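S.K.: My structure is below; once you've seen it, I'll send some questions.
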Amino acid sequence: MASTPLPAGFETLQAFTAHWVLPDAAARMQQRQNTDMQEIRDFYNALTPMGDKALAYLAQFQLGELPEDAENLLKLMLSLAEIAPAVEWYDSREVANGYPVTRIRFLRQISDTAAQR
Amino acid sequence: MQDAKIPVPPIGLTARYPDVGTGPVPTDAYHEPAIFEKEMEAIFKRSWYMIGRVDQIPEPGDYFVYEMPTFRQSLLVCRDRDGEVNVFHNVCPHRGNVVEHRPSGRCRGLFMCGFHGWSFDLKGNLANVRDGEGFFDLDKSRLALKPAPMGIWEGFIFVAPVDEPAQTLEQYLGQQGRDLAGYPWSECTQSYQFETEIACNWKLAVDSPAEVYHIPILHPNSAAPTMMASGNPFGRLLDVTLLGPHRTNSHYSVQAEPRPVQKLAYTHAAAAQNVVNDALEYEMPPGLNRTRDRNWTVDLVMFFPGLAFTTSAGMYTAHQVWPLAANRCLYQQRVFVRRARNAAERFGQENTMVEFRDVVMEDLSTLERIQRALDSGQIKHFHYHDHELALRHNHKVVCDIIAAWERECAGQPADSAVPEWPTHP
């Protein structure tokens, strides 16, 4: 049993969990900046085609009531949201010719998994 | 999907406001420390500032601390047992330590200073003094936490940074505030907040998103595909409305083909997006999409001096620029989205925040470069396009208010050229 389990049907994503299942948005932002572009592309190319299936699966659950494997899948998808502009807009982990994202501090984040009211 | 017949928004916005002028704008006010000092007296001390939302503290005892930049005031915001929101200076009257050192939480009824243990109730009354018999004629009724002037507009908590505000919150918000009542501000219960300190004048940071002449060039792959597509090759605005010291830009958009990950969010998590496919569940207030254009996407609603909302049909952001020096400011951004109705919609929230954040990083990229050109004297005038009207207006409002304040200081009639901005007769 994997220490970071994923739901049945998503086994091909297992190799990405160690690097891309992260605690929050600030950690994901940091990870994008610390990962080389080829590795970001590999993750994007593996996960994007499974995005429809993953979100259809996640839509069955309420936040706050996620089984561990679904939670890990959601966290992979949240990392996909973080790295998508690197692939789709910039071809670079940094915002092209941009202000360094590493200079921003998060003061409040939306919990990845807690119930929302 | 793209309609070739969509008309290009015309030139002619500035001509509607002849007082604003059309000439080159001198750049002194963007770097001169002496002008910054005047702005502090004439503008910043007479303004109101948004420090959070009432839904951050839904239950009695809930509190948060806000460290207000510019004025360097620590503020304690709490909800009392009567359900009222109170704002206190977070300063113990005994020796000046903070009364609450945690950023937020739920208080059981007493805030206790972590220095000597004086404690205060949710209405700020001094409740307990440890070893009180050692004090000399202490009048506990006069040692409550000091309230800060505060007011609430549409669920946003505002404070004034001085004991006797120069204007009420309602006067400050003016017509633009009245025109935005009724937008579903409180439906967007989930929010991100981030900040960064930028080595630039506060007006550069305010002006950064206030024109879209730059969209095709500065945002070629991110915002440009929707904001300049089809009939609007230069990415022009639909409308600019100036109201006293405040102003609103209305942004044009067409639905472009989304990128693959964006498409996932639109398809599975539209509720968290600024794309609303369903009919609105509320009546659009008069202050949004003033021209009622069907190609409208978002308004940038700017409250002078430093608060602005990007307000779309389904979600909004709020940014604030806090002046720190003539060439330094703190930029705070909040992104508000609707609650996720299921776990898939959590993805839409994150997609919205990341896209918006990266576009902001594009916007902010120019600011320290411009400031360097200002500080080194390499640029003496700015030259504004018709659709950069908001920037021209910002400069004029600053100059007019300072001029009125100087007349006021000289004992002359201080009639301001800016309606709705207070002067002291």
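Chain lettering (A, B, ...) mirrors the order of the structure tokens, residue numbering begins at 1 for each chain separately, and ligand numbering begins at 1 in order of display.
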With only C-alpha atoms considered, list every residue of chain B at most 6 Å from chain A, as a list in words.

M.R.: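 That gives the following set of residues: Tyr192, Gln193, Phe194, Glu195, Thr196, Asn221, Arg339, Asn342, Ala343, Ala344, Phe347, Asn351, Val354, Met361, Glu362, Leu364 and Ser365 of chain B.
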
S.K.: Give me a file of those residues, with C-alpha atoms, as a PDB file, in the first residue's frame.

M.R.:
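Below is the file that was written, again.pdb:
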ATOM      1  CA  TYR B 192      -6.794  34.262  -0.168  1.00  0.00           C
ATOM      2  CA  GLN B 193      -4.638  37.189   0.907  1.00  0.00           C
ATOM      3  CA  PHE B 194      -1.053  37.947   0.002  1.00  0.00           C
ATOM      4  CA  GLU B 195       1.234  40.949   0.157  1.00  0.00           C
ATOM      5  CA  THR B 196       4.568  42.250  -1.046  1.00  0.00           C
ATOM      6  CA  ASN B 221      -0.420  35.030 -23.193  1.00  0.00           C
ATOM      7  CA  ARG B 339     -17.735  28.441  -1.577  1.00  0.00           C
ATOM      8  CA  ASN B 342     -18.003  19.927  -3.872  1.00  0.00           C
ATOM      9  CA  ALA B 343     -14.332  18.912  -3.811  1.00  0.00           C
ATOM     10  CA  ALA B 344     -13.897  19.462  -7.572  1.00  0.00           C
ATOM     11  CA  PHE B 347      -9.759  23.203  -7.962  1.00  0.00           C
ATOM     12  CA  ASN B 351      -7.045  28.039 -10.631  1.00  0.00           C
ATOM     13  CA  VAL B 354      -3.042  31.289  -9.404  1.00  0.00           C
ATOM     14  CA  MET B 361       3.176  39.513 -11.144  1.00  0.00           C
ATOM     15  CA  GLU B 362       3.178  40.737 -14.753  1.00  0.00           C
ATOM     16  CA  LEU B 364       4.043  44.583 -10.827  1.00  0.00           C
ATOM     17  CA  SER B 365       7.084  43.872 -13.010  1.00  0.00           C
TER      18      SER B 365
END

S.K.: Find the residues near range 397-407 of chain B: any atom within 12 Å, counting only C-alpha atoms, skip ones fewer than 5 places away on the same chain, and give them as a PyMOL selection string.

M.R.: chain B and resi 19-20+25-30+34-44+46+202-203+242-247+303-306+390-392+412-425

S.K.: Kindly export the residues of the current selection with C-alpha atoms, as a PDB file, in the first residue's frame.

M.R.:
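Generated output (selection-v5.pdb):
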ATOM      1  CA  ASP B  19     -10.996  69.468 -16.347  1.00  0.00           C
ATOM      2  CA  VAL B  20      -8.590  66.543 -16.350  1.00  0.00           C
ATOM      3  CA  VAL B  25       1.904  65.060 -16.663  1.00  0.00           C
ATOM      4  CA  PRO B  26       4.911  66.114 -14.535  1.00  0.00           C
ATOM      5  CA  THR B  27       6.367  63.265 -12.501  1.00  0.00           C
ATOM      6  CA  ASP B  28       7.459  65.115  -9.317  1.00  0.00           C
ATOM      7  CA  ALA B  29       4.608  63.697  -7.277  1.00  0.00           C
ATOM      8  CA  TYR B  30       5.850  60.175  -7.984  1.00  0.00           C
ATOM      9  CA  ALA B  34       8.395  66.668   0.225  1.00  0.00           C
ATOM     10  CA  ILE B  35       5.259  65.904  -1.790  1.00  0.00           C
ATOM     11  CA  PHE B  36       4.870  62.564  -0.028  1.00  0.00           C
ATOM     12  CA  GLU B  37       4.841  64.402   3.317  1.00  0.00           C
ATOM     13  CA  LYS B  38       2.049  66.652   2.064  1.00  0.00           C
ATOM     14  CA  GLU B  39       0.108  63.627   0.816  1.00  0.00           C
ATOM     15  CA  MET B  40       0.353  62.152   4.299  1.00  0.00           C
ATOM     16  CA  GLU B  41      -1.356  65.188   5.851  1.00  0.00           C
ATOM     17  CA  ALA B  42      -3.786  66.139   3.098  1.00  0.00           C
ATOM     18  CA  ILE B  43      -4.776  62.691   1.850  1.00  0.00           C
ATOM     19  CA  PHE B  44      -3.815  59.654   3.904  1.00  0.00           C
ATOM     20  CA  ARG B  46      -8.153  62.112   5.957  1.00  0.00           C
ATOM     21  CA  TRP B 202       2.108  54.253  -4.018  1.00  0.00           C
ATOM     22  CA  LYS B 203       0.556  55.890  -7.089  1.00  0.00           C
ATOM     23  CA  LEU B 242     -14.906  59.560 -12.542  1.00  0.00           C
ATOM     24  CA  LEU B 243     -16.806  60.243  -9.312  1.00  0.00           C
ATOM     25  CA  GLY B 244     -15.208  62.813  -6.990  1.00  0.00           C
ATOM     26  CA  PRO B 245     -11.793  61.408  -6.035  1.00  0.00           C
ATOM     27  CA  HIS B 246     -12.836  57.872  -7.064  1.00  0.00           C
ATOM     28  CA  ARG B 247     -13.122  56.197 -10.467  1.00  0.00           C
ATOM     29  CA  PHE B 303     -11.525  54.150  -4.128  1.00  0.00           C
ATOM     30  CA  PHE B 304      -8.985  56.927  -3.731  1.00  0.00           C
ATOM     31  CA  PRO B 305      -6.302  56.771  -2.516  1.00  0.00           C
ATOM     32  CA  GLY B 306      -5.355  53.103  -2.313  1.00  0.00           C
ATOM     33  CA  ALA B 390      -7.704  56.887 -14.647  1.00  0.00           C
ATOM     34  CA  LEU B 391      -3.988  57.636 -14.156  1.00  0.00           C
ATOM     35  CA  ARG B 392      -4.372  61.215 -15.320  1.00  0.00           C
ATOM     36  CA  GLN B 412      -7.006  80.969   2.873  1.00  0.00           C
ATOM     37  CA  PRO B 413     -10.341  79.529   1.707  1.00  0.00           C
ATOM     38  CA  ALA B 414      -9.574  75.941   0.896  1.00  0.00           C
ATOM     39  CA  ASP B 415     -12.245  75.190  -1.663  1.00  0.00           C
ATOM     40  CA  SER B 416     -11.138  71.932  -3.123  1.00  0.00           C
ATOM     41  CA  ALA B 417     -11.363  71.281  -6.815  1.00  0.00           C
ATOM     42  CA  VAL B 418     -12.180  67.692  -5.838  1.00  0.00           C
ATOM     43  CA  PRO B 419     -15.814  67.306  -4.890  1.00  0.00           C
ATOM     44  CA  GLU B 420     -16.438  64.990  -1.934  1.00  0.00           C
ATOM     45  CA  TRP B 421     -12.984  65.479  -0.398  1.00  0.00           C
ATOM     46  CA  PRO B 422     -12.912  67.200   3.004  1.00  0.00           C
ATOM     47  CA  THR B 423     -11.138  70.401   3.844  1.00  0.00           C
ATOM     48  CA  HIS B 424     -10.832  72.018   7.241  1.00  0.00           C
ATOM     49  CA  PRO B 425     -12.178  75.572   7.069  1.00  0.00           C
TER      50      PRO B 425
END

S.K.: Taking the chain letters and numbering used in this document, name the residues of range 130-243 of chain B that DSSP puts in strand (DSSP E), as a PyMOL selection string.

M.R.: chain B and resi 150-153+156-159+190-198+239-243

S.K.: I'd like the contact shell of Tyr49 in chain B - 7 Å cut-off, only C-alpha atoms, skipping same-chain residues fewer than 2 positions apart - returned as a PyMOL selection string.

M.R.: chain B and resi 47+51+158-160

S.K.: Kindly save the residues from that selection, with C-alpha atoms included, as a PDB file, in the first residue's frame.

M.R.:
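See result_3.pdb below for the written result:
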ATOM      1  CA  SER B  47      -9.049  58.822   4.337  1.00  0.00           C
ATOM      2  CA  ILE B  51      -8.985  46.173   7.152  1.00  0.00           C
ATOM      3  CA  PHE B 158     -13.135  50.245   7.600  1.00  0.00           C
ATOM      4  CA  VAL B 159     -11.147  52.353  10.057  1.00  0.00           C
ATOM      5  CA  ALA B 160      -9.885  55.919  10.110  1.00  0.00           C
TER       6      ALA B 160
END

S.K.: If we count only C-alpha atoms and set the cut-off at 12 Å, which residues sit around Met68 in chain B, ignoring sequence neighbours fewer than 6 positions away in its own chain? Please answer as a ChimeraX atom specification.

M.R.: /B:48-52,74-77,89-90,148,158-161,320-324,330,332

S.K.: Compile the contact shell of Val359 in chain B as a PyMOL selection string: residues with an atom at most 8 Å away, counting only C-alpha atoms, same-chain residues fewer than 4 positions apart removed.

M.R.: chain B and resi 219+222-223+355+363

S.K.: Hey, what's within 10 Å of Gly83 in chain B if we count only C-alpha atoms and toss same-chain stuff fewer than 5 positions away? As a PyMOL selection string, please?

M.R.: chain B and resi 57-61+78

S.K.: Just write the chosen residues, C-alpha atoms, as a tab-separated table (two decimals), in the first residue's frame.

M.R.:
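The file below, out-v1.tsv, is the result:
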chain	number	residue	atom	x	y	z
B	57	ILE	CA	-15.32	36.91	12.84
B	58	PRO	CA	-18.76	35.26	12.59
B	59	GLU	CA	-19.19	34.25	16.26
B	60	PRO	CA	-19.03	36.22	19.54
B	61	GLY	CA	-15.45	36.18	20.79
B	78	CYS	CA	-13.59	41.38	17.64

S.K.: CA of Arg79 in chain B and CA of Phe115 in chain B, how far apart in Å?

M.R.: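 Interatomic distance here is 23.6 Å.
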
S.K.: If I take CA of Ala46 in chain A and CA of Phe16 in chain A, how far is one from the other in Å, to one decimal?

M.R.: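 The value is 9.1 Å.
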
S.K.: Would you mind reading off the distance between CA of Leu300 in chain B and CA of Arg28 in chain A, one decimal, in Å?

M.R.: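 Going from CA of Leu300 in chain B over to CA of Arg28 in chain A, I get 28.5 Å.
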
S.K.: Can you list, as a list in words, every protein, DNA or RNA residue that comes within 12 Å of Pro5 in chain A when you count only C-alpha atoms, leaving out same-chain residues fewer than 4 positions away?

M.R.: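 My list of contacting residues is Met1, Gly9, Phe10, Glu11, Thr12, Leu13, Gln14, Ala15, Phe16, Thr17, Ala18, Val21, Pro67, Glu68, Asp69, Ala70, Glu71, Asn72, Leu73, Leu74, Lys75 and Leu76 of chain A.
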
S.K.: Can I get the selection written as a tab-separated table (two decimals), in the first residue's frame, with C-alpha atoms?

M.R.:
chain	number	residue	atom	x	y	z
A	1	MET	CA	0.00	0.00	0.00
A	9	GLY	CA	-7.92	4.21	-11.73
A	10	PHE	CA	-5.33	6.86	-10.93
A	11	GLU	CA	-2.35	4.53	-10.29
A	12	THR	CA	-0.34	6.06	-13.15
A	13	LEU	CA	-0.07	9.28	-11.13
A	14	GLN	CA	1.51	7.54	-8.14
A	15	ALA	CA	5.04	8.57	-9.09
A	16	PHE	CA	4.09	12.26	-8.80
A	17	THR	CA	2.67	12.19	-5.28
A	18	ALA	CA	6.01	12.51	-3.48
A	21	VAL	CA	1.10	16.40	-2.80
A	67	PRO	CA	-11.23	9.95	2.10
A	68	GLU	CA	-7.44	10.02	2.17
A	69	ASP	CA	-6.99	8.81	-1.42
A	70	ALA	CA	-9.42	11.43	-2.79
A	71	GLU	CA	-7.65	14.10	-0.72
A	72	ASN	CA	-4.33	13.16	-2.33
A	73	LEU	CA	-5.91	13.32	-5.79
A	74	LEU	CA	-7.33	16.77	-5.02
A	75	LYS	CA	-3.91	17.96	-3.88
A	76	LEU	CA	-2.38	16.75	-7.14

S.K.: To test your reading of the structure, identify every residue in range 57-95 of chain A that backbone DSSP assigns to helix (DSSP H, G or I), and report it as a list in words.

M.R.: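 Put together, the selection reads Tyr57, Leu58, Glu68, Asp69, Ala70, Glu71, Asn72, Leu73, Leu74, Lys75, Leu76, Met77, Leu78, Ser79, Leu80, Ala81, Glu82, Ile83, Ala84, Pro85, Ala86, Val87, Glu88, Trp89 and Tyr90 of chain A.
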